[in-house]
Amino acid sequence: MVDCAAASFSQTSSPSYILQPYISHPEDATHFSNKFQFSTENNGIRKVTSDAFMAGGYNWAIDFYPNGTRLEDDQYISLFVTLESNTTDVIARFELILVDQSGKGKHKIQTNFGVDSPCLMKHQGSQWGFRRFIKKSHLKKLYLKDGLLVVKCRVGVLDPVLEDQGEYLEPVYSPVSFDQVEELEDYSFEEGESSLLDSAVKILFETDLGAFFSEERDKFDQYMHAVDEIQESIKLRNISDYKIRGVNLIQMAMERLLLEFRNILDWSMNMLEDENLNLCCTDCSSCIATSCSQDLLEGDYIGRGALSSKQIYRLRCMSERLNCAGRLQECVDVYNNSRKSVVDASFSRFGIGNWVDCDIRSLDWDEFAKKIKFWIRAAQMCFVIIIPREKQTYEQIFNGLEDVPSKSGFLVIVEDFAIQLCNFAEIISNSPALLQKLFDVLELYKFLLLYLPDIRATFHSAGTKFLPAQAKRTVQRLADLARQILSSFEDTVLHDQLNTTISRGTLHSSTRYTMERVIRMVHYSELLTEIITSKPKTSPIGFNEMEFLEVRGRKPLALHILWIIISLKFNLKAKFKEYKDIYLGHLFLLNNIHYIVEEIKGSYELLEMIGEEYLTKLNKDVMEEAESYLGSWDKVLYCFRDEGLYYKVFYNGISRNALKDRFKILNATFEEIFQTQSSWFVPDLQLREQLHKSILEKVLPAYESFLQQYQSERNIEKYIKYSPKKLHNVVCDLFG
């Protein structure tokens, strides 16, 4: 036996609780409900109990805890079904339904009718229910209307005689048993036809809830065939009002189908809500990419909430019968509302919806990059998995049925969150050009370009051109934005005035930054080649490298990259003029141009764009800058001249005083160069070694020859401060 009860909890400003009888279905005495005043404020009242109702020969009541059963549950309401009869060992199944009063059909259902094991209520006061049935903050949107909460309860008590046999009966869904069915003499059927109809009617009344949820299909198919038999019999006899004991069989069957259609969908939705609660207790919408949101993308969460093939089959069977009875639109409405809730729940877990409300453009580079990467992964899940899955499922259930709004129905489920996804990309496409974000914009562009055909195919077939048009428009705007960013970047490289001089003559930050961006552009060359279709807007910068931009056959992207490097070199030349020590300036240019050369040589694709001719020009620049730097050692070589060391009176000879002074000047020159250049830096080890070698090749042989020429002079060792070996060691310590 199964009985139903409903309890209504109403919210008022009064903190007290007043019990008032309330009959929700006066035509059915088996339904019972109560009205309670309800306040969400924690006023110390722990429990409110409904009036007792009878099911299966036992008394039951609904216990309602407005602030949960424990302190840590005070953000939830708790609901329990309680055994009120003074008895023991009652075997029963239960269902609690918090009714959606908004008309969307999103009832909050918790049941154990669809599972294998019923509950054993051992004594009076035993309970079945949930400490955290639903958050109080979720009540107002759907479940609270005019201060009223409606809670329905269904109780099925099983036959205890079968307990010893180790099995339990499923509760009968309808309170009407087949023994109560009476044939109406107003309709005449042939003997075989009457027997088939009688059998179908019996199945209609005796099939329990398990047929719609069990793994085995036999009982479910049997019920569907029974509905077909009754529909066909009534159609053949042209009967519009075939009733048994005042019950219209077709109407009753359709109400049952519609209810179970809703229950299957609600079961899937409730399973998803429970998993959501267990998966993460924080609000993902307030973060860029929380750990739980990452888990959703990296795990199998996307598969949850999807309808199984068994459920799809049964929903299709029920929709076909409801269609024959003219109830298809109700069926479609129930499906759309339920599946939209599931899809919206999946999407809301990503937290992307709130991004539209925040100022994307104000985020720093790291936050922006995280959002872009997370959006791409979430969008891929949605456009590749969720949307096609929902479209396919919708078609499996409703395609081919008469008057099915297949176009609008599918869009009702997915259109809202698909628009939110595209809105984020569109916001980015309308953002001002920011240098650091070029490659994130390109990632967005690449994703939308890749999936634009799929988006177009999915939504065109659903009868809307809005989303494909929006996605196409966004792709075009992202391409425009990429062109703007590139142009702005070129202008910045040419006119950069930050950190005009580097004290140690080392690599300038703008050189490293520019070449890193150039290398990444090469990695995106396939996309950028499609986007960049015109030559760069150059400026006459006054040296002969502009001729390399006139080489025929180069693609616009290659010309842009070449122009960036030419602009970088021009800017470095401008910074060179700021150095007071000209030799430090040449070392600065040597470091930076050598770095550019090495970056080009390290990328075959970049070298191909730049061309061997321009690389040869850069190598020549490196050699010239190295030669110019080595000029700082010419003053040392000047000390090795013979002029001023000899005098002529009666014979040629060496002036010891002149030689002594010459060594003093030589030692002082060494000291000055070592002291000055000891703080200079060459970051590239290979270049540093080459400079050491060039210095020693220029200075050391001349120094050794100078020492050898005057080694026979008396006390000459007093004047020599640097031996050739010591000079070698000191030079090799430079630039480190």
# chains A, B, ... in the order shown; residues from 1 in each chain; ligands from 1
call {"tool": "select_by_dssp", "arguments": {"residues": "region 690-729 of chain A", "states": "helix (DSSP H, G or I)", "output": "PyMOL selection string"}}
result
chain A and resi 690-710+716-718+724-729
call {"tool": "closest_atom_pairs", "arguments": {"of": "region 570-639 of chain A", "to": "region 676-694 of chain A", "cutoff": "12 Å", "atoms": "only C-alpha atoms", "output": "Markdown table"}}
result
| residue | atom | partner | partner_atom | distance |
| --- | --- | --- | --- | --- |
| A:Asp581 | CA | A:Thr676 | CA | 9.9 |
| A:Tyr583 | CA | A:Gln677 | CA | 9.6 |
| A:Leu584 | CA | A:Trp680 | CA | 7.6 |
| A:Gly585 | CA | A:Trp680 | CA | 10.6 |
| A:His586 | CA | A:Trp680 | CA | 11.5 |
| A:Leu587 | CA | A:Val682 | CA | 8.1 |
| A:Phe588 | CA | A:Val682 | CA | 8.7 |
| A:Leu589 | CA | A:Val682 | CA | 11.0 |
| A:Leu590 | CA | A:Val682 | CA | 9.0 |
| A:Asn591 | CA | A:Val682 | CA | 6.5 |
| A:Asn592 | CA | A:Val682 | CA | 9.8 |
| A:Ile593 | CA | A:Leu687 | CA | 11.5 |
| A:His594 | CA | A:Leu687 | CA | 8.2 |
| A:Tyr595 | CA | A:Asp684 | CA | 8.1 |
| A:Ile596 | CA | A:Asp684 | CA | 11.9 |
| A:Val597 | CA | A:Leu687 | CA | 11.9 |
| A:Glu598 | CA | A:Asp684 | CA | 10.0 |
| A:Val622 | CA | A:Leu687 | CA | 10.3 |
| A:Met623 | CA | A:Leu691 | CA | 10.8 |
| A:Glu625 | CA | A:Leu691 | CA | 11.2 |
| A:Ala626 | CA | A:Leu691 | CA | 7.7 |
| A:Glu627 | CA | A:Ser694 | CA | 9.1 |
| A:Ser628 | CA | A:Leu691 | CA | 11.8 |
| A:Tyr629 | CA | A:Leu691 | CA | 9.4 |
| A:Leu630 | CA | A:Ser694 | CA | 7.8 |
| A:Gly631 | CA | A:Ser694 | CA | 11.2 |
| A:Ser632 | CA | A:Gln677 | CA | 9.8 |
| A:Trp633 | CA | A:Ser694 | CA | 10.7 |
call {"tool": "write_last_selection", "arguments": {"atoms": "C-alpha atoms", "output": "CSV table (one decimal), in the first residue's frame"}}
result
chain,number,residue,atom,x,y,z
A,581,ASP,CA,82.0,55.7,-22.0
A,583,TYR,CA,83.6,51.6,-25.3
A,584,LEU,CA,80.9,50.5,-22.8
A,585,GLY,CA,78.3,51.6,-25.3
A,586,HIS,CA,80.0,49.4,-28.0
A,587,LEU,CA,79.9,46.5,-25.5
A,588,PHE,CA,76.2,47.1,-24.9
A,589,LEU,CA,75.5,47.0,-28.7
A,590,LEU,CA,77.7,43.9,-29.0
A,591,ASN,CA,75.8,42.0,-26.2
A,592,ASN,CA,72.4,42.9,-27.6
A,593,ILE,CA,73.0,42.4,-31.3
A,594,HIS,CA,74.8,39.1,-30.6
A,595,TYR,CA,71.7,38.0,-28.6
A,596,ILE,CA,69.5,38.9,-31.6
A,597,VAL,CA,71.7,36.8,-33.9
A,598,GLU,CA,71.7,33.8,-31.6
A,622,VAL,CA,78.6,42.1,-34.2
A,623,MET,CA,82.1,42.0,-35.6
A,625,GLU,CA,81.0,46.3,-32.4
A,626,ALA,CA,83.6,43.9,-31.1
A,627,GLU,CA,86.3,45.7,-33.0
A,628,SER,CA,85.1,49.0,-31.7
A,629,TYR,CA,85.2,47.7,-28.1
A,630,LEU,CA,88.8,46.4,-28.5
A,631,GLY,CA,89.8,50.0,-29.3
A,632,SER,CA,89.7,50.5,-25.5
A,633,TRP,CA,93.0,48.6,-25.3
call {"tool": "residues_around", "arguments": {"residues": "Leu467 (chain A)", "least_positions_apart": "3", "cutoff": "12 Å", "atoms": "only C-alpha atoms", "output": "VMD selection string"}}
result
chain A and resid 383 411 414 to 423 426 448 452 to 464 470 to 474
call {"tool": "atom_distance", "arguments": {"atom1": "CA of Ile564 (chain A)", "atom2": "CA of Thr506 (chain A)"}}
result
20.7 Å
call {"tool": "closest_residue", "arguments": {"among": "A:Gln101, A:Thr511, A:Asn336, A:Asn67", "to": "Lys136 (chain A)", "atoms": "only C-alpha atoms"}}
result
A:Asn67
call {"tool": "atom_distance", "arguments": {"atom1": "CA of Asn86 (chain A)", "atom2": "CA of Val48 (chain A)"}}
result
20.2 Å
call {"tool": "atom_distance", "arguments": {"atom1": "CA of Glu545 (chain A)", "atom2": "CA of Leu481 (chain A)"}}
result
28.9 Å
call {"tool": "closest_residue", "arguments": {"among": "A:Arg256, A:Lys152, A:Arg327, A:Lys718", "to": "Lys664 (chain A)", "atoms": "only C-alpha atoms"}}
result
A:Lys718
